[in-house]
$ cat coords33.txt   # compact mmCIF, C-alpha atoms
# COMPACT_ATOMS: atom_id res chain seq x y z
CA MET A 1 3.53 19.28 -13.29
CA SER A 2 2.06 15.89 -13.99
CA VAL A 3 -0.39 14.30 -11.60
CA GLN A 4 -1.30 10.64 -11.92
CA TRP A 5 -4.25 10.33 -9.63
CA ASN A 6 -5.27 6.91 -8.41
CA GLY A 7 -8.78 6.43 -9.73
CA GLY A 8 -9.19 2.87 -8.56
CA GLY A 9 -7.04 0.91 -10.95
CA GLU A 10 -8.62 1.53 -14.37
CA GLY A 11 -6.46 3.49 -16.77
CA ILE A 12 -3.84 4.09 -14.13
CA GLY A 13 -0.71 5.90 -15.38
CA ALA A 14 2.58 4.04 -15.77
CA VAL A 15 4.31 5.83 -12.92
CA ALA A 16 1.27 5.43 -10.67
CA LEU A 17 1.28 1.71 -11.46
CA ALA A 18 4.93 1.54 -10.47
CA ASP A 19 4.17 3.39 -7.23
CA LEU A 20 1.23 1.08 -6.51
CA LEU A 21 3.46 -1.98 -6.91
CA ASP A 22 6.13 -0.33 -4.83
CA ARG A 23 3.63 0.07 -2.00
CA VAL A 24 1.87 -3.27 -2.25
CA ILE A 25 4.97 -5.40 -2.72
CA ASP A 26 6.99 -5.51 0.43
CA ARG A 27 10.60 -6.49 0.46
CA GLY A 28 10.69 -10.21 0.80
CA VAL A 29 7.91 -11.01 -1.61
CA VAL A 30 9.14 -13.05 -4.52
CA LEU A 31 6.76 -12.43 -7.36
CA SER A 32 6.13 -14.95 -10.05
CA GLY A 33 7.84 -14.45 -13.37
CA ASP A 34 4.98 -12.91 -15.29
CA LEU A 35 5.31 -9.67 -13.34
CA VAL A 36 8.49 -8.70 -15.12
CA ILE A 37 7.10 -9.82 -18.46
CA SER A 38 3.95 -7.75 -17.99
CA LEU A 39 5.97 -4.75 -16.96
CA ALA A 40 8.35 -5.15 -19.87
CA GLY A 41 5.22 -5.10 -22.03
CA ILE A 42 4.49 -1.55 -20.93
CA ASP A 43 8.11 -0.50 -21.17
CA LEU A 44 8.45 0.65 -17.61
CA VAL A 45 12.13 0.87 -16.77
CA TYR A 46 11.57 2.54 -13.42
CA CYS A 47 9.25 -0.16 -12.21
CA ASN A 48 11.48 -2.96 -13.38
CA LEU A 49 14.33 -1.35 -11.52
CA ARG A 50 12.34 -0.99 -8.33
CA VAL A 51 11.18 -4.59 -8.45
CA LEU A 52 14.70 -5.76 -9.14
CA LEU A 53 16.07 -3.62 -6.33
CA ALA A 54 13.47 -5.00 -3.93
CA SER A 55 14.32 -8.54 -4.93
CA VAL A 56 18.04 -8.01 -4.64
CA GLY A 57 17.59 -6.31 -1.26
CA SER A 58 15.65 -9.28 0.04
CA LEU A 59 18.26 -11.69 -1.23
CA GLU A 60 20.99 -9.72 0.49
CA ASP A 61 19.06 -9.65 3.75
CA GLY A 62 18.49 -13.38 3.51
CA ALA A 63 22.15 -14.07 2.86
CA SER A 64 23.49 -11.99 5.73
CA MET B 1 -6.51 -22.75 4.71
CA THR B 2 -4.33 -19.79 3.90
CA VAL B 3 -5.75 -16.43 4.93
CA HIS B 4 -4.61 -13.41 2.93
CA LEU B 5 -4.81 -10.12 4.80
CA TYR B 6 -5.63 -6.81 3.07
CA GLY B 7 -5.69 -4.46 5.99
CA VAL B 8 -6.97 -3.57 9.43
CA MET B 9 -9.60 -0.92 10.13
CA TRP B 10 -12.17 0.07 12.77
CA ALA B 11 -14.85 -2.62 12.89
CA GLN B 12 -17.72 -0.15 12.62
CA GLN B 13 -16.27 1.34 9.41
CA VAL B 14 -16.04 -1.83 7.31
CA PRO B 15 -17.76 -1.07 3.97
CA ASP B 16 -20.78 -3.18 3.01
CA VAL B 17 -19.37 -3.92 -0.42
CA LEU B 18 -15.75 -4.53 -1.41
CA PRO B 19 -14.30 -5.67 -4.73
CA PRO B 20 -13.17 -9.31 -4.96
CA GLY B 21 -9.70 -10.13 -3.70
CA LEU B 22 -6.95 -12.48 -4.83
CA GLU B 23 -8.21 -15.27 -7.11
CA GLU B 24 -11.55 -13.39 -7.20
CA ALA B 25 -12.28 -14.63 -3.67
CA PRO B 26 -14.92 -12.66 -1.69
CA VAL B 27 -13.42 -10.40 0.96
CA GLY B 28 -14.58 -11.08 4.51
CA SER B 29 -13.99 -9.23 7.74
CA LEU B 30 -12.96 -10.72 11.06
CA ARG B 31 -13.83 -8.51 14.04
CA GLU B 32 -12.03 -8.47 17.36
CA GLY B 33 -11.89 -5.79 20.03
CA GLY B 34 -13.30 -2.98 17.88
CA LEU B 35 -10.92 -3.78 15.01
CA ALA B 36 -11.63 -5.63 11.78
CA ALA B 37 -9.21 -7.51 9.53
CA LEU B 38 -10.15 -7.71 5.85
CA PHE B 39 -9.22 -11.10 4.41
CA THR B 40 -9.79 -13.78 1.77
CA GLU B 41 -9.45 -17.53 2.28
CA HIS B 42 -7.53 -19.79 -0.07
CA GLU B 43 -7.01 -23.54 -0.10
CA ARG B 44 -3.36 -23.01 -0.83
CA PRO B 45 -1.18 -19.89 -0.79
CA PRO B 46 -2.22 -17.74 -3.77
CA GLU B 47 0.27 -17.01 -6.49
CA LEU B 48 1.70 -13.54 -6.04
CA ASP B 49 1.74 -12.14 -9.55
CA MET B 50 0.91 -8.84 -11.21
CA ALA B 51 -2.83 -9.53 -11.10
CA ALA B 52 -2.63 -10.37 -7.39
CA ALA B 53 -0.79 -7.12 -6.64
CA GLN B 54 -3.48 -5.11 -8.44
CA GLN B 55 -6.36 -7.03 -6.83
CA HIS B 56 -4.80 -6.48 -3.42
CA GLY B 57 -4.41 -2.78 -4.21
CA ARG B 58 -8.04 -2.46 -5.38
CA VAL B 59 -9.42 -3.98 -2.17
CA VAL B 60 -7.28 -1.74 0.04
CA ASP B 61 -8.19 1.32 -2.10
CA ALA B 62 -11.90 0.61 -1.80
CA ALA B 63 -11.70 0.07 1.96
CA ALA B 64 -9.61 3.21 2.47
CA ARG B 65 -11.91 5.53 0.55
CA ASP B 66 -12.74 8.15 3.21
CA ARG B 67 -11.82 5.73 6.00
CA ALA B 68 -8.72 4.94 8.04
CA VAL B 69 -7.09 1.65 6.97
CA LEU B 70 -3.74 0.12 7.84
CA PRO B 71 -2.84 -1.51 4.53
CA ALA B 72 -1.22 -4.93 4.60
CA ARG B 73 1.42 -5.85 2.06
CA LEU B 74 1.06 -8.57 -0.53
CA ASN B 75 2.91 -11.11 1.61
CA ALA B 76 0.64 -10.74 4.63
CA MET B 77 -0.74 -14.26 5.04
CA VAL B 78 -1.55 -16.40 8.01
CA GLU B 79 -2.61 -20.03 8.31
CA GLY B 80 -6.28 -20.08 9.25
CA GLU B 81 -8.75 -17.66 10.84
CA PRO B 82 -7.67 -18.44 14.43
CA ALA B 83 -4.20 -17.14 13.55
CA LEU B 84 -5.74 -13.96 12.14
CA ARG B 85 -7.80 -13.47 15.31
CA GLY B 86 -4.64 -14.06 17.33
CA LEU B 87 -2.87 -11.37 15.31
CA LEU B 88 -5.65 -8.84 15.99
CA GLU B 89 -5.57 -9.66 19.71
CA ALA B 90 -1.80 -9.59 20.05
CA ARG B 91 -1.24 -6.43 18.02
CA GLY B 92 -4.47 -4.64 18.92
CA PRO B 93 -2.85 -1.74 20.80
CA ALA B 94 -0.37 -1.08 17.96
CA PHE B 95 -3.15 -1.27 15.35
CA ARG B 96 -5.30 1.20 17.31
CA ARG B 97 -2.41 3.65 17.70
CA ASP B 98 -1.53 3.46 14.03
CA LEU B 99 -5.16 3.84 12.95
CA GLU B 100 -5.42 7.04 15.00
CA ASP B 101 -2.19 8.29 13.39
CA VAL B 102 -3.44 7.84 9.81
CA GLU B 103 -7.02 9.04 10.44
CA GLY B 104 -8.03 11.51 7.72
CA LYS B 105 -4.68 11.19 5.92
CA VAL B 106 -3.47 9.70 2.65
CA GLU B 107 -0.10 8.88 1.13
CA VAL B 108 1.16 10.95 -1.80
CA VAL B 109 4.34 10.24 -3.76
CA VAL B 110 6.39 13.03 -5.32
CA HIS B 111 8.90 12.18 -8.04
CA ALA B 112 11.38 15.03 -8.38
CA GLU B 113 13.46 15.19 -11.55
CA ASP B 114 16.48 16.48 -9.65
CA GLY B 115 15.84 14.21 -6.67
CA THR B 116 14.92 17.03 -4.28
CA VAL B 117 11.36 17.82 -3.24
CA PRO B 118 11.07 21.54 -2.43
CA ALA B 119 10.62 22.26 1.30
CA GLU B 120 7.47 24.30 0.54
CA ILE B 121 5.75 21.10 -0.56
CA ALA B 122 7.10 18.90 2.21
CA ALA B 123 5.94 21.48 4.76
CA LEU B 124 2.32 20.73 3.84
CA SER B 125 2.65 17.07 4.89
CA CYS B 126 2.45 15.44 8.32
CA ALA B 127 5.31 13.00 7.77
CA ARG B 128 7.74 11.67 5.21
CA ALA B 129 8.44 7.96 4.75
CA THR B 130 11.98 6.89 5.47
CA ALA B 131 12.17 4.18 2.80
CA ASP B 132 14.36 4.51 -0.28
CA GLY B 133 12.85 5.59 -3.56
CA PRO B 134 10.67 8.56 -4.48
CA ALA B 135 9.56 10.67 -1.51
CA ALA B 136 6.30 9.46 0.06
CA TYR B 137 4.37 11.92 2.23
CA LEU B 138 1.49 11.51 4.64
CA VAL B 139 -0.94 14.32 3.83
CA ARG B 140 -4.21 15.33 5.47
CA ARG B 141 -7.09 14.96 3.04
CA SER B 142 -7.99 18.56 3.87
CA ALA B 143 -4.47 19.67 2.78
CA LEU B 144 -4.37 17.70 -0.47
CA GLU B 145 -5.47 20.57 -2.66
CA ALA B 146 -2.85 22.91 -1.18
CA PHE B 147 -0.19 20.18 -1.50
CA LEU B 148 -0.97 19.72 -5.21
CA ALA B 149 -1.09 23.48 -5.78
CA ALA B 150 2.34 23.86 -4.15
CA ALA B 151 3.71 21.08 -6.35
CA ALA B 152 2.31 22.82 -9.42
CA ARG B 153 3.95 26.12 -8.35
CA MET B 154 7.35 24.48 -7.76
CA ASP B 155 7.33 22.57 -11.05
CA HIS B 156 9.91 24.16 -13.37
CA PRO B 157 12.04 23.01 -16.30
CA GLY B 158 14.95 21.06 -14.87
CA HIS B 159 13.01 20.50 -11.63
CA ARG B 160 10.00 18.66 -12.99
CA LEU B 161 7.69 17.08 -10.45
CA LEU B 162 5.32 14.17 -10.90
CA VAL B 163 2.80 13.38 -8.20
CA THR B 164 0.95 10.08 -7.72
CA GLY B 165 -1.73 9.19 -5.24
CA PRO B 166 -3.73 9.37 -3.16
CA TRP B 167 -2.61 6.01 -1.77
CA PRO B 168 -3.70 4.28 1.38
CA PRO B 169 -0.92 4.92 3.94
CA TYR B 170 1.20 1.85 3.06
CA SER B 171 4.42 3.59 4.06
CA PHE B 172 3.07 4.92 7.36
CA VAL B 173 2.08 1.85 9.26
CA GLY B 174 4.19 2.29 12.38
CA GLY B 175 4.34 -0.23 15.20
CA ALA B 176 1.90 -2.50 13.42
CA GLY B 177 3.97 -2.70 10.25
CA GLU B 178 5.74 -5.90 11.11
CA ALA B 179 2.46 -7.67 11.75
CA LEU B 180 1.03 -6.49 8.44
CA THR B 181 3.85 -8.08 6.47
CA ALA B 182 3.63 -11.27 8.51
CA GLU B 183 4.36 -14.19 6.29
CA ARG B 184 2.55 -17.45 6.71
CA ARG B 185 2.28 -17.33 10.48
CA THR B 186 0.71 -20.38 12.00
CA ALA B 187 -1.70 -20.47 14.90

$ encode --input "coords33.txt" --output "structure tokens"
Amino acid sequence: MSVQWNGGGEGIGAVALADLLDRVIDRGVVLSGDLVISLAGIDLVYCNLRVLLASVGSLEDGAS
Amino acid sequence: MTVHLYGVMWAQQVPDVLPPGLEEAPVGSLREGGLAALFTEHERPPELDMAAAQQHGRVVDAAARDRAVLPARLNAMVEGEPALRGLLEARGPAFRRDLEDVEGKVEVVVHAEDGTVPAEIAALSCARATADGPAAYLVRRSALEAFLAAAARMDHPGHRLLVTGPWPPYSFVGGAGEALTAERRTA
């Protein structure tokens, strides 16, 4: 089993970083563009997906 | 002035030192009725980028180390300190209830390769978040070791588990949750 323990932000694992963003970013927050670029830089498909899903979810809520 | 909110905690538990917040602004605390709101002030709404998300997370992490904190989300902003005080007054009862609920507990996320977290692990938690995505559990600090040990026991080829945490209880802010994602409320 892998454990990515949250040691306060330095050297945080990729999945832990994704989970952190998932927690901090609520649906409805539109992040500025460099988020996706930064995430692409660390090749984090999961995180990109989550951020995209959150954004799409917010758009859908706003449209309905 | 835009006020960015990091979280709500018991006033007597506010740490003396906290890391800087968004745009490196010093984090202050506004106290009302035994509660304290951790905040930074900004001349205009701060840009919500990757750095902001991590700075927000660092402040909440530091405040929540061994203390009960209701974490706010990145979009929790109000216009001016009076609005923040108003929020603490209006939602005080919900904040107090939620703080009691998360006392001594942390959030732990379990990524299961096959999408199912074994019941033996879930049984060691107090609650599971209802949101989509990987399973988030509220776990007593005193049960963390047993929770991790159970995850290690249940980790097998084809059913790999990956655990992240401990997080402040972002997914377990109950009645107060709406207030902690409040967006640009005005006084």

$ atom_distance --input "coords33.txt" --atom1 "CA of Glu24 in chain B" --atom2 "CA of Gly86 in chain B"
25.5 Å

$ closest_residue --input "coords33.txt" --among "B:Met50, B:Val173, B:Leu144, B:Leu180" --to "Leu5 in chain B" --atoms "only C-alpha atoms"
B:Leu180

$ residues_near_point --input "coords33.txt" --point "(-6.4, 7.4, -7.9)" --cutoff "12 Å" --atoms "all atoms listed in the file" --output "short mmCIF file (atom, residue, chain, number, x, y, z; two decimals) with C-alpha atoms, in the coordinates of the input"
data_model
loop_
_atom_site.label_atom_id
_atom_site.label_comp_id
_atom_site.auth_asym_id
_atom_site.auth_seq_id
_atom_site.Cartn_x
_atom_site.Cartn_y
_atom_site.Cartn_z
CA VAL A 3 -0.39 14.30 -11.60
CA GLN A 4 -1.30 10.64 -11.92
CA TRP A 5 -4.25 10.33 -9.63
CA ASN A 6 -5.27 6.91 -8.41
CA GLY A 7 -8.78 6.43 -9.73
CA GLY A 8 -9.19 2.87 -8.56
CA GLY A 9 -7.04 0.91 -10.95
CA GLU A 10 -8.62 1.53 -14.37
CA GLY A 11 -6.46 3.49 -16.77
CA ILE A 12 -3.84 4.09 -14.13
CA GLY A 13 -0.71 5.90 -15.38
CA VAL A 15 4.31 5.83 -12.92
CA ALA A 16 1.27 5.43 -10.67
CA LEU A 17 1.28 1.71 -11.46
CA ASP A 19 4.17 3.39 -7.23
CA LEU A 20 1.23 1.08 -6.51
CA GLY B 57 -4.41 -2.78 -4.21
CA ARG B 58 -8.04 -2.46 -5.38
CA ASP B 61 -8.19 1.32 -2.10
CA ALA B 62 -11.90 0.61 -1.80
CA ALA B 64 -9.61 3.21 2.47
CA ARG B 65 -11.91 5.53 0.55
CA VAL B 106 -3.47 9.70 2.65
CA GLU B 107 -0.10 8.88 1.13
CA VAL B 108 1.16 10.95 -1.80
CA VAL B 109 4.34 10.24 -3.76
CA VAL B 163 2.80 13.38 -8.20
CA THR B 164 0.95 10.08 -7.72
CA GLY B 165 -1.73 9.19 -5.24
CA PRO B 166 -3.73 9.37 -3.16
CA TRP B 167 -2.61 6.01 -1.77
CA PRO B 168 -3.70 4.28 1.38
#

$ interface_residues --input "coords33.txt" --of "chain B" --to "chain A" --cutoff "9 Å" --atoms "all atoms listed in the file" --output "MDAnalysis selection string"
chainID B and resid 47:51 53:58 61:62 71:75 109 133:134 148 151:156 160:167 169:171 181

$ closest_residue --input "coords33.txt" --among "B:Ala150, B:Ala83, B:Met1, B:Val17" --to "Ala37 in chain B" --atoms "all atoms listed in the file"
B:Ala83

$ atom_distance --input "coords33.txt" --atom1 "CA of Glu23 in chain B" --atom2 "CA of Leu87 in chain B"
23.4 Å

$ atom_distance --input "coords33.txt" --atom1 "CA of Thr40 in chain B" --atom2 "CA of Asp16 in chain B"
15.3 Å

$ residues_near_point --input "coords33.txt" --point "(-3.1, -14.9, 0.0)" --cutoff "10 Å" --atoms "only C-alpha atoms" --output "mmCIF file with C-alpha atoms, in the coordinates of the input"
data_model
loop_
_atom_site.group_PDB
_atom_site.id
_atom_site.type_symbol
_atom_site.label_atom_id
_atom_site.label_comp_id
_atom_site.auth_asym_id
_atom_site.auth_seq_id
_atom_site.Cartn_x
_atom_site.Cartn_y
_atom_site.Cartn_z
ATOM 1 C CA MET B 1 -6.510 -22.750 4.710
ATOM 2 C CA THR B 2 -4.330 -19.790 3.900
ATOM 3 C CA VAL B 3 -5.750 -16.430 4.930
ATOM 4 C CA HIS B 4 -4.610 -13.410 2.930
ATOM 5 C CA LEU B 5 -4.810 -10.120 4.800
ATOM 6 C CA TYR B 6 -5.630 -6.810 3.070
ATOM 7 C CA GLY B 21 -9.700 -10.130 -3.700
ATOM 8 C CA LEU B 22 -6.950 -12.480 -4.830
ATOM 9 C CA GLU B 23 -8.210 -15.270 -7.110
ATOM 10 C CA ALA B 25 -12.280 -14.630 -3.670
ATOM 11 C CA PHE B 39 -9.220 -11.100 4.410
ATOM 12 C CA THR B 40 -9.790 -13.780 1.770
ATOM 13 C CA GLU B 41 -9.450 -17.530 2.280
ATOM 14 C CA HIS B 42 -7.530 -19.790 -0.070
ATOM 15 C CA GLU B 43 -7.010 -23.540 -0.100
ATOM 16 C CA ARG B 44 -3.360 -23.010 -0.830
ATOM 17 C CA PRO B 45 -1.180 -19.890 -0.790
ATOM 18 C CA PRO B 46 -2.220 -17.740 -3.770
ATOM 19 C CA GLU B 47 0.270 -17.010 -6.490
ATOM 20 C CA LEU B 48 1.700 -13.540 -6.040
ATOM 21 C CA ALA B 52 -2.630 -10.370 -7.390
ATOM 22 C CA HIS B 56 -4.800 -6.480 -3.420
ATOM 23 C CA LEU B 74 1.060 -8.570 -0.530
ATOM 24 C CA ASN B 75 2.910 -11.110 1.610
ATOM 25 C CA ALA B 76 0.640 -10.740 4.630
ATOM 26 C CA MET B 77 -0.740 -14.260 5.040
ATOM 27 C CA VAL B 78 -1.550 -16.400 8.010
ATOM 28 C CA GLU B 79 -2.610 -20.030 8.310
ATOM 29 C CA GLU B 183 4.360 -14.190 6.290
ATOM 30 C CA ARG B 184 2.550 -17.450 6.710
#
